[in-house]
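Just final-v3.cif here, mmCIF, C-alpha atoms, pLDDT in the B column; chains and numbers go by the auth columns:
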data_input
#
loop_
_atom_site.group_PDB
_atom_site.id
_atom_site.type_symbol
_atom_site.label_atom_id
_atom_site.label_comp_id
_atom_site.label_asym_id
_atom_site.label_seq_id
_atom_site.Cartn_x
_atom_site.Cartn_y
_atom_site.Cartn_z
_atom_site.B_iso_or_equiv
_atom_site.auth_seq_id
_atom_site.auth_asym_id
ATOM 1 C CA MET A 1 0.000 0.000 0.000 59.00 301 N
ATOM 2 C CA LEU A 2 1.085 3.524 -0.696 70.00 302 N
ATOM 3 C CA ASP A 3 0.891 5.667 2.405 80.00 303 N
ATOM 4 C CA LYS A 4 3.404 8.283 1.347 87.00 304 N
ATOM 5 C CA THR A 5 2.043 11.805 1.734 87.00 305 N
ATOM 6 C CA ILE A 6 2.418 14.150 -1.202 87.00 306 N
ATOM 7 C CA ASN A 7 1.946 17.898 -1.185 89.00 307 N
ATOM 8 C CA LEU A 8 -0.086 19.551 -3.899 88.00 308 N
ATOM 9 C CA SER A 9 0.221 23.193 -4.855 90.00 309 N
ATOM 10 C CA ILE A 10 -2.891 25.061 -5.971 90.00 310 N
ATOM 11 C CA PRO A 11 -2.650 28.701 -6.997 93.00 311 N
ATOM 12 C CA VAL A 12 -5.201 30.885 -5.209 92.00 312 N
ATOM 13 C CA LYS A 13 -5.308 34.659 -5.358 95.00 313 N
ATOM 14 C CA GLU A 14 -5.030 36.431 -2.026 94.00 314 N
ATOM 15 C CA SER A 15 -8.230 38.298 -2.838 95.00 315 N
ATOM 16 C CA ILE A 16 -10.133 34.991 -2.623 94.00 316 N
ATOM 17 C CA LEU A 17 -8.848 34.337 0.886 92.00 317 N
ATOM 18 C CA PHE A 18 -9.585 37.953 1.809 95.00 318 N
ATOM 19 C CA SER A 19 -13.159 37.630 0.517 96.00 319 N
ATOM 20 C CA LEU A 20 -13.622 34.420 2.493 95.00 320 N
ATOM 21 C CA LYS A 21 -11.966 35.935 5.578 95.00 321 N
ATOM 22 C CA GLU A 22 -9.933 32.744 5.926 94.00 322 N
ATOM 23 C CA SER A 23 -6.294 32.040 6.520 93.00 323 N
ATOM 24 C CA THR A 24 -4.326 29.813 4.178 93.00 324 N
ATOM 25 C CA ASP A 25 -4.616 26.950 6.685 93.00 325 N
ATOM 26 C CA GLU A 26 -8.377 27.410 7.112 95.00 326 N
ATOM 27 C CA PHE A 27 -8.878 27.524 3.360 94.00 327 N
ATOM 28 C CA SER A 28 -6.710 24.436 2.822 94.00 328 N
ATOM 29 C CA GLN A 29 -8.617 22.480 5.470 94.00 329 N
ATOM 30 C CA GLU A 30 -11.985 23.506 4.001 94.00 330 N
ATOM 31 C CA LEU A 31 -10.797 22.605 0.501 95.00 331 N
ATOM 32 C CA LEU A 32 -9.736 19.155 1.691 96.00 332 N
ATOM 33 C CA TYR A 33 -13.084 18.607 3.437 96.00 333 N
ATOM 34 C CA LEU A 34 -15.116 19.742 0.419 96.00 334 N
ATOM 35 C CA SER A 35 -13.015 17.571 -1.902 97.00 335 N
ATOM 36 C CA ALA A 36 -13.504 14.594 0.410 96.00 336 N
ATOM 37 C CA LEU A 37 -17.238 15.260 0.567 95.00 337 N
ATOM 38 C CA MET A 38 -17.593 15.455 -3.203 95.00 338 N
ATOM 39 C CA LEU A 39 -15.518 12.330 -3.799 95.00 339 N
ATOM 40 C CA TYR A 40 -17.546 10.478 -1.148 92.00 340 N
ATOM 41 C CA LYS A 41 -20.857 11.622 -2.653 90.00 341 N
ATOM 42 C CA ARG A 42 -19.682 10.476 -6.086 92.00 342 N
ATOM 43 C CA ARG A 43 -18.706 7.134 -4.507 88.00 343 N
ATOM 44 C CA LYS A 44 -15.090 7.513 -5.547 94.00 344 N
ATOM 45 C CA LEU A 45 -13.903 7.309 -1.924 92.00 345 N
ATOM 46 C CA SER A 46 -15.215 5.224 0.943 89.00 346 N
ATOM 47 C CA LEU A 47 -16.347 6.931 4.130 89.00 347 N
ATOM 48 C CA GLY A 48 -13.052 6.050 5.807 90.00 348 N
ATOM 49 C CA LYS A 49 -10.883 7.314 2.944 92.00 349 N
ATOM 50 C CA ALA A 50 -12.945 10.509 2.639 94.00 350 N
ATOM 51 C CA ALA A 51 -12.503 11.114 6.364 94.00 351 N
ATOM 52 C CA GLU A 52 -8.769 10.503 5.973 95.00 352 N
ATOM 53 C CA LEU A 53 -8.541 13.013 3.110 96.00 353 N
ATOM 54 C CA ALA A 54 -10.423 15.565 5.204 96.00 354 N
ATOM 55 C CA GLY A 55 -8.009 14.994 8.095 95.00 355 N
ATOM 56 C CA LEU A 56 -10.801 13.722 10.343 95.00 356 N
ATOM 57 C CA THR A 57 -11.682 10.500 12.091 94.00 357 N
ATOM 58 C CA LYS A 58 -14.630 8.576 10.654 91.00 358 N
ATOM 59 C CA ILE A 59 -16.798 9.675 13.568 92.00 359 N
ATOM 60 C CA ASP A 60 -15.809 13.342 13.207 93.00 360 N
ATOM 61 C CA PHE A 61 -16.462 13.163 9.455 93.00 361 N
ATOM 62 C CA ILE A 62 -19.918 11.669 10.082 91.00 362 N
ATOM 63 C CA VAL A 63 -20.671 14.338 12.700 92.00 363 N
ATOM 64 C CA LYS A 64 -19.640 17.079 10.259 94.00 364 N
ATOM 65 C CA LEU A 65 -21.760 15.543 7.483 92.00 365 N
ATOM 66 C CA LYS A 66 -24.752 15.431 9.816 90.00 366 N
ATOM 67 C CA ALA A 67 -24.192 19.007 11.044 93.00 367 N
ATOM 68 C CA GLU A 68 -24.172 20.214 7.428 89.00 368 N
ATOM 69 C CA GLY A 69 -27.274 18.223 6.482 88.00 369 N
ATOM 70 C CA GLU A 70 -25.382 15.831 4.216 84.00 370 N
ATOM 71 C CA ALA A 71 -26.443 12.203 3.892 78.00 371 N
ATOM 72 C CA VAL A 72 -24.058 9.788 5.551 79.00 372 N
ATOM 73 C CA PHE A 73 -25.418 6.819 3.636 75.00 373 N
ATOM 74 C CA ASP A 74 -27.152 7.667 0.391 66.00 374 N
ATOM 75 C CA TYR A 75 -28.568 4.509 -1.168 65.00 375 N
ATOM 76 C CA ASN A 76 -31.327 4.393 -3.753 68.00 376 N
ATOM 77 C CA ASN A 77 -34.216 1.901 -3.456 74.00 377 N
ATOM 78 C CA ASP A 78 -32.556 -0.734 -5.655 76.00 378 N
ATOM 79 C CA GLU A 79 -29.382 -0.611 -3.585 67.00 379 N
ATOM 80 C CA MET A 80 -31.381 -0.876 -0.352 70.00 380 N
ATOM 81 C CA ASP A 81 -33.263 -3.908 -1.711 74.00 381 N
ATOM 82 C CA GLU A 82 -29.969 -5.517 -2.677 75.00 382 N
ATOM 83 C CA ILE A 83 -28.534 -4.923 0.797 69.00 383 N
ATOM 84 C CA PHE A 84 -31.607 -6.316 2.559 75.00 384 N
ATOM 85 C CA ASN A 85 -31.832 -9.327 0.255 77.00 385 N
ATOM 86 C CA ALA A 86 -28.164 -10.094 0.816 78.00 386 N
ATOM 87 C CA SER A 87 -28.601 -9.794 4.583 79.00 387 N
ATOM 88 C CA LYS A 88 -31.429 -12.368 4.489 80.00 388 N
ATOM 89 C CA GLN A 89 -28.973 -14.898 3.094 79.00 389 N
ATOM 90 C CA LEU A 90 -26.619 -14.562 6.050 76.00 390 N
ATOM 91 C CA PRO A 91 -26.584 -17.486 8.514 74.00 391 N
#
Could you quickly redo this structure as structure tokens?
Amino acid sequence: MLDKTINLSIPVKESILFSLKESTDEFSQELLYLSALMLYKRRKLSLGKAAELAGLTKIDFIVKLKAEGEAVFDYNNDEMDEIFNASKQLP
């Protein structure tokens, strides 16, 4: 497994940070959270990996999702049926 941390550089004008009234660190943390959220919603990252990207524990990520009104588990009816049918086959 690759667990090496890489640093990415994203150009952002100071006027953006000024408009947001955020420091570089605050903006970076929010950008990581929003990226994690979007990748989780698109099912590109698991809950655990999204939490890791956001720099949060799974529980803290779930709490933040709930506080912002985001769905923690977002399954459609077909997926729910599949889950329940599979669970009926368990011993």
Inset, instruction - Write out as a PyMOL selection string which residues come within 9 Å of Lys358 in chain N when counting only C-alpha atoms, dropping same-chain ones fewer than 4 positions away. - result: chain N and resi 347-352+362-363
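The result of the PyMOL selection byres ((chain N and resi 354) around 10) on the shown file is Ser328, Gln329, Glu330, Leu331, Leu332, Tyr333, Leu334, Ser335, Ala336, Leu337, Gly348, Lys349, Ala350, Ala351, Glu352, Leu353, Gly355, Leu356, Thr357, Lys358, Asp360 and Phe361 of chain N.
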Inset, instruction - Calculate how many Å separate CA of Glu370 in chain N from CA of Val312 in chain N, rounding to one decimal. - result: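 That distance, rounded to one decimal, is 26.9 Å.
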Legend entry - Interatomic distance (Å, one decimal) between CA of Ile310 in chain N and CA of Ser323 in chain N: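 Between these atoms lies a distance of 14.7 Å.
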Inset, instruction - State, in Å with one decimal place, the distance from CA of Phe373 in chain N to CA of Leu345 in chain N. - result: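 The value is 12.8 Å.
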Legend entry - Pick from N:Asn377, N:Ala371, N:Glu382, N:Leu320 nearest to Met338 in chain N, counting only C-alpha atoms: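 Of all the options, N:Ala371 lies closest to Met338 in chain N.
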